[in-house]
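Engineer: File follows, protein_34.cif with mmCIF, C-alpha atoms; chains and numbers go by the auth columns:
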data_query
#
loop_
_atom_site.group_PDB
_atom_site.id
_atom_site.type_symbol
_atom_site.label_atom_id
_atom_site.label_comp_id
_atom_site.label_asym_id
_atom_site.label_seq_id
_atom_site.Cartn_x
_atom_site.Cartn_y
_atom_site.Cartn_z
_atom_site.B_iso_or_equiv
_atom_site.auth_seq_id
_atom_site.auth_asym_id
ATOM 1 C CA MET A 1 -28.963 7.098 -0.281 0.00 40 A
ATOM 2 C CA MET A 2 -29.206 7.115 3.520 0.00 41 A
ATOM 3 C CA ILE A 3 -30.694 3.599 3.525 0.00 42 A
ATOM 4 C CA MET A 4 -27.817 2.325 1.415 0.00 43 A
ATOM 5 C CA MET A 5 -25.306 3.987 3.732 0.00 44 A
ATOM 6 C CA ARG A 6 -26.893 2.418 6.823 0.00 45 A
ATOM 7 C CA SER A 7 -26.939 -0.977 5.124 0.00 46 A
ATOM 8 C CA ALA A 8 -23.259 -0.620 4.261 0.00 47 A
ATOM 9 C CA VAL A 9 -22.445 0.325 7.854 0.00 48 A
ATOM 10 C CA ALA A 10 -24.462 -2.634 9.180 0.00 49 A
ATOM 11 C CA ALA A 11 -22.710 -4.969 6.762 0.00 50 A
ATOM 12 C CA ALA A 12 -19.304 -3.638 7.792 0.00 51 A
ATOM 13 C CA ALA A 13 -20.172 -4.077 11.467 0.00 52 A
ATOM 14 C CA ALA A 14 -21.102 -7.692 10.826 0.00 53 A
ATOM 15 C CA LEU A 15 -17.772 -8.500 9.159 0.00 54 A
ATOM 16 C CA ALA A 16 -15.605 -11.129 10.731 0.00 55 A
ATOM 17 C CA LEU A 17 -11.893 -11.753 10.373 0.00 56 A
ATOM 18 C CA THR A 18 -10.000 -14.970 10.719 0.00 57 A
ATOM 19 C CA LEU A 19 -7.251 -14.220 13.191 0.00 58 A
ATOM 20 C CA SER A 20 -4.646 -16.568 14.593 0.00 59 A
ATOM 21 C CA LEU A 21 -4.466 -15.620 18.231 0.00 60 A
ATOM 22 C CA PRO A 22 -1.538 -16.686 20.387 0.00 61 A
ATOM 23 C CA THR A 23 -2.452 -19.544 22.687 0.00 62 A
ATOM 24 C CA ALA A 24 -0.615 -21.302 25.470 0.00 63 A
ATOM 25 C CA ALA A 25 0.380 -23.955 22.934 0.00 64 A
ATOM 26 C CA HIS A 26 1.659 -21.228 20.610 0.00 65 A
ATOM 27 C CA ALA A 27 3.865 -19.829 23.344 0.00 66 A
ATOM 28 C CA ALA A 28 5.490 -23.256 23.668 0.00 67 A
ATOM 29 C CA GLY A 29 7.534 -22.634 20.535 0.00 68 A
ATOM 30 C CA PRO A 30 7.509 -22.556 16.751 0.00 69 A
ATOM 31 C CA ALA A 31 6.460 -26.216 16.518 0.00 70 A
ATOM 32 C CA ALA A 32 3.060 -25.389 18.060 0.00 71 A
ATOM 33 C CA ALA A 33 0.607 -23.826 15.593 0.00 72 A
ATOM 34 C CA ALA A 34 -1.805 -20.999 16.370 0.00 73 A
ATOM 35 C CA VAL A 35 -5.453 -21.924 16.070 0.00 74 A
ATOM 36 C CA PRO A 36 -7.399 -19.714 13.604 0.00 75 A
ATOM 37 C CA GLN A 37 -10.553 -18.204 15.061 0.00 76 A
ATOM 38 C CA VAL A 38 -13.339 -16.275 13.338 0.00 77 A
ATOM 39 C CA LEU A 39 -14.077 -13.121 15.304 0.00 78 A
ATOM 40 C CA PRO A 40 -16.121 -9.952 14.753 0.00 79 A
ATOM 41 C CA ILE A 41 -13.863 -7.296 13.242 0.00 80 A
ATOM 42 C CA GLY A 42 -13.901 -5.097 16.367 0.00 81 A
ATOM 43 C CA VAL A 43 -12.784 -8.011 18.549 0.00 82 A
ATOM 44 C CA ALA A 44 -10.128 -9.044 16.036 0.00 83 A
ATOM 45 C CA VAL A 45 -8.689 -5.520 15.842 0.00 84 A
ATOM 46 C CA SER A 46 -8.659 -5.156 19.633 0.00 85 A
ATOM 47 C CA ALA A 47 -6.768 -8.470 19.857 0.00 86 A
ATOM 48 C CA LEU A 48 -3.866 -7.132 17.782 0.00 87 A
ATOM 49 C CA PRO A 49 -0.728 -6.555 19.861 0.00 88 A
ATOM 50 C CA ILE A 50 0.212 -2.992 20.754 0.00 89 A
ATOM 51 C CA ALA A 51 3.899 -2.186 21.073 0.00 90 A
ATOM 52 C CA THR A 52 6.237 0.774 20.945 0.00 91 A
ATOM 53 C CA GLU A 53 7.576 1.409 17.469 0.00 92 A
ATOM 54 C CA ASP A 54 11.256 0.621 17.080 0.00 93 A
ATOM 55 C CA ARG A 55 13.447 1.964 14.268 0.00 94 A
ATOM 56 C CA THR A 56 16.552 0.081 15.436 0.00 95 A
ATOM 57 C CA GLY A 57 18.406 -1.311 12.432 0.00 96 A
ATOM 58 C CA TYR A 58 16.427 0.619 9.810 0.00 97 A
ATOM 59 C CA GLN A 59 18.468 1.956 6.898 0.00 98 A
ATOM 60 C CA ARG A 60 16.698 3.305 3.818 0.00 99 A
ATOM 61 C CA THR A 61 19.622 2.142 1.691 0.00 100 A
ATOM 62 C CA SER A 62 18.772 -1.470 2.615 0.00 101 A
ATOM 63 C CA PHE A 63 15.719 -1.229 0.357 0.00 102 A
ATOM 64 C CA ARG A 64 16.182 -1.061 -3.390 0.00 103 A
ATOM 65 C CA HIS A 65 14.138 1.677 -4.929 0.00 104 A
ATOM 66 C CA TRP A 66 12.780 1.150 -8.415 0.00 105 A
ATOM 67 C CA ASN A 67 13.964 -1.826 -10.391 0.00 106 A
ATOM 68 C CA ALA A 68 14.686 -1.757 -14.116 0.00 107 A
ATOM 69 C CA GLY A 69 11.124 -2.748 -15.065 0.00 108 A
ATOM 70 C CA ASP A 70 9.916 -5.484 -17.386 0.00 109 A
ATOM 71 C CA VAL A 71 12.175 -4.475 -20.285 0.00 110 A
ATOM 72 C CA PRO A 72 15.396 -2.978 -18.841 0.00 111 A
ATOM 73 C CA ALA A 73 16.565 -1.850 -22.292 0.00 112 A
ATOM 74 C CA ASP A 74 13.646 0.594 -22.727 0.00 113 A
ATOM 75 C CA GLY A 75 14.745 2.722 -19.754 0.00 114 A
ATOM 76 C CA CYS A 76 11.336 2.511 -18.035 0.00 115 A
ATOM 77 C CA ASN A 77 11.598 1.524 -14.383 0.00 116 A
ATOM 78 C CA THR A 78 8.686 0.010 -12.470 0.00 117 A
ATOM 79 C CA ARG A 79 7.351 3.429 -11.438 0.00 118 A
ATOM 80 C CA ALA A 80 7.215 4.606 -15.042 0.00 119 A
ATOM 81 C CA GLU A 81 5.573 1.361 -16.161 0.00 120 A
ATOM 82 C CA ILE A 82 2.867 1.787 -13.515 0.00 121 A
ATOM 83 C CA LEU A 83 2.326 5.400 -14.566 0.00 122 A
ATOM 84 C CA LEU A 84 1.985 4.311 -18.196 0.00 123 A
ATOM 85 C CA ALA A 85 -0.446 1.530 -17.307 0.00 124 A
ATOM 86 C CA GLU A 86 -2.592 3.792 -15.106 0.00 125 A
ATOM 87 C CA ALA A 87 -2.681 6.897 -17.334 0.00 126 A
ATOM 88 C CA VAL A 88 -6.087 8.284 -18.243 0.00 127 A
ATOM 89 C CA VAL A 89 -4.433 10.368 -20.942 0.00 128 A
ATOM 90 C CA TYR A 90 -1.267 8.625 -22.119 0.00 129 A
ATOM 91 C CA PRO A 91 1.928 10.689 -21.682 0.00 130 A
ATOM 92 C CA GLU A 92 4.669 11.165 -24.263 0.00 131 A
ATOM 93 C CA ILE A 93 7.681 8.932 -23.622 0.00 132 A
ATOM 94 C CA GLY A 94 11.013 10.669 -24.087 0.00 133 A
ATOM 95 C CA PRO A 95 14.621 9.432 -23.918 0.00 134 A
ATOM 96 C CA GLY A 96 15.322 7.356 -20.817 0.00 135 A
ATOM 97 C CA CYS A 97 11.555 6.914 -20.401 0.00 136 A
ATOM 98 C CA THR A 98 11.019 10.533 -19.368 0.00 137 A
ATOM 99 C CA LEU A 99 7.258 11.045 -19.200 0.00 138 A
ATOM 100 C CA THR A 100 5.745 14.370 -20.231 0.00 139 A
ATOM 101 C CA GLY A 101 2.110 15.301 -20.395 0.00 140 A
ATOM 102 C CA GLY A 102 -0.386 12.665 -19.413 0.00 141 A
ATOM 103 C CA VAL A 103 -3.191 12.680 -16.877 0.00 142 A
ATOM 104 C CA TRP A 104 -3.889 10.285 -13.997 0.00 143 A
ATOM 105 C CA TRP A 105 -6.946 9.779 -11.799 0.00 144 A
ATOM 106 C CA SER A 106 -6.440 9.951 -8.036 0.00 145 A
ATOM 107 C CA TYR A 107 -8.821 7.554 -6.316 0.00 146 A
ATOM 108 C CA TYR A 108 -7.932 9.063 -2.937 0.00 147 A
ATOM 109 C CA ASP A 109 -9.233 12.566 -3.590 0.00 148 A
ATOM 110 C CA GLU A 110 -11.211 11.944 -6.792 0.00 149 A
ATOM 111 C CA ARG A 111 -9.391 14.371 -9.054 0.00 150 A
ATOM 112 C CA GLU A 112 -7.212 14.353 -12.128 0.00 151 A
ATOM 113 C CA VAL A 113 -3.483 14.709 -11.500 0.00 152 A
ATOM 114 C CA THR A 114 -0.769 16.060 -13.755 0.00 153 A
ATOM 115 C CA PRO A 115 2.277 15.990 -14.029 0.00 154 A
ATOM 116 C CA ALA A 116 3.429 12.461 -13.209 0.00 155 A
ATOM 117 C CA GLY A 117 5.863 13.848 -10.622 0.00 156 A
ATOM 118 C CA ALA A 118 2.878 14.930 -8.507 0.00 157 A
ATOM 119 C CA LEU A 119 1.988 11.286 -7.867 0.00 158 A
ATOM 120 C CA ASP A 120 3.345 9.135 -5.074 0.00 159 A
ATOM 121 C CA ILE A 121 2.908 5.538 -6.130 0.00 160 A
ATOM 122 C CA ASP A 122 5.846 3.842 -4.506 0.00 161 A
ATOM 123 C CA HIS A 123 4.553 3.043 -1.028 0.00 162 A
ATOM 124 C CA MET A 124 1.145 2.827 0.572 0.00 163 A
ATOM 125 C CA VAL A 125 2.988 2.857 3.899 0.00 164 A
ATOM 126 C CA PRO A 126 6.383 4.572 4.130 0.00 165 A
ATOM 127 C CA LEU A 127 9.220 2.085 4.588 0.00 166 A
ATOM 128 C CA ALA A 128 10.340 3.588 7.904 0.00 167 A
ATOM 129 C CA GLU A 129 6.804 3.338 9.303 0.00 168 A
ATOM 130 C CA ALA A 130 6.477 -0.267 8.184 0.00 169 A
ATOM 131 C CA TRP A 131 9.849 -1.027 9.782 0.00 170 A
ATOM 132 C CA ASP A 132 8.850 0.698 13.033 0.00 171 A
ATOM 133 C CA SER A 133 5.622 -1.298 13.193 0.00 172 A
ATOM 134 C CA LYS A 134 7.105 -4.734 12.528 0.00 173 A
#
Can the structure from this file be put into C-alpha cells for me?

Structural biologist:
Amino acid sequence: MMIMMRSAVAAAAALALTLSLPTAAHAAGPAAAAVPQVLPIGVAVSALPIATEDRTGYQRTSFRHWNAGDVPADGCNTRAEILLAEAVVYPEIGPGCTLTGGVWWSYYDEREVTPAGALDIDHMVPLAEAWDSK
C-alpha cells in the first residue's frame, strides 16, 4: 500500500498544466492572444494571480435557484432529479415531488446519508465565494 501511495504522489508531482500566462503582447489588448505554456503543476499554481476578494455587486437574488427540471409538469426540480438519479435506495416520490425515505452515498466522507434534506448538492463552491474570487 505504501508503494502505491508513493507512486501516486510521484505521479501527482510530475503533473503539468497548460496555463495561458499573461505576456507583454497580452497586455496590449484583447486582440493579442495569450500563449499557452505547459508547466509543472506547482509552477502553474504559483503563477495564478492573487487578489483581494471583492463582493461588490453580488446579490444572491441575481442567481436563479433550482429550475423546473426536465419535466416541469412532474413537480421535480433539478435538485430532486439529481437526488433521484444518485439514490442508492430509491426514495418514495410524493405530491409536488416530495422525497421521503431513500439513501444516498456521500463520496466526501464515505458514509450513507438520509434524509435527502441532509445533502447539499447545489454548489461545490458557494455563489458568494465564487463571486468574491472572480

Engineer: So that I can check the surroundings of A:Glu120, please list as a ChimeraX atom specification every protein, DNA and RNA residue that reaches within 12 Å of it, counting all atoms listed in the file and ignoring chain neighbours fewer than 6 positions away.

Structural biologist: /A:105-111,113-114,126,129-130,132,136-138,155,160-161

Engineer: Near A:Ser101, counting all atoms listed in the file, which residues have an atom at most 12 Å away, once you skip same-chain residues fewer than 3 positions from it, shown as a compact mmCIF listing (two decimals) with C-alpha atoms, keeping the file's coordinate frame?

Structural biologist:
# COMPACT_ATOMS: atom_id res chain seq x y z
CA GLY A 96 18.41 -1.31 12.43
CA TYR A 97 16.43 0.62 9.81
CA GLN A 98 18.47 1.96 6.90
CA HIS A 104 14.14 1.68 -4.93
CA LEU A 166 9.22 2.08 4.59
CA ALA A 167 10.34 3.59 7.90
CA TRP A 170 9.85 -1.03 9.78

Engineer: Residue by residue, what does the PyMOL selection byres ((chain A and resi 158) around 12) grab here? Present the result as a VMD selection string.

Structural biologist: chain A and resid 118 to 119 121 to 122 125 to 126 141 to 147 150 to 157 159 to 163

Engineer: Any idea what the distance is between atom CA of A:Thr95 and atom CA of A:Pro165?

Structural biologist: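 Taking atom CA of A:Thr95 as the start and atom CA of A:Pro165 as the end point, the length is 15.9 Å.
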
Engineer: Given 6 Å of margin on each side, can you work out the centre and size in Å (one decimal) of an axis-aligned box holding every listed atom of stretch 125-138 of chain A, as lines of an AutoDock Vina configuration file?

Structural biologist:
center_x = 4.6
center_y = 7.5
center_z = -19.7
size_x = 33.4
size_y = 19.4
size_z = 21.2

Engineer: Just the number, please: distance in Å from atom CA of A:Gln76 to atom CA of A:Pro88, one decimal.

Structural biologist: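 Answer for the atom CA of A:Gln76 to atom CA of A:Pro88 separation: 16.0 Å.
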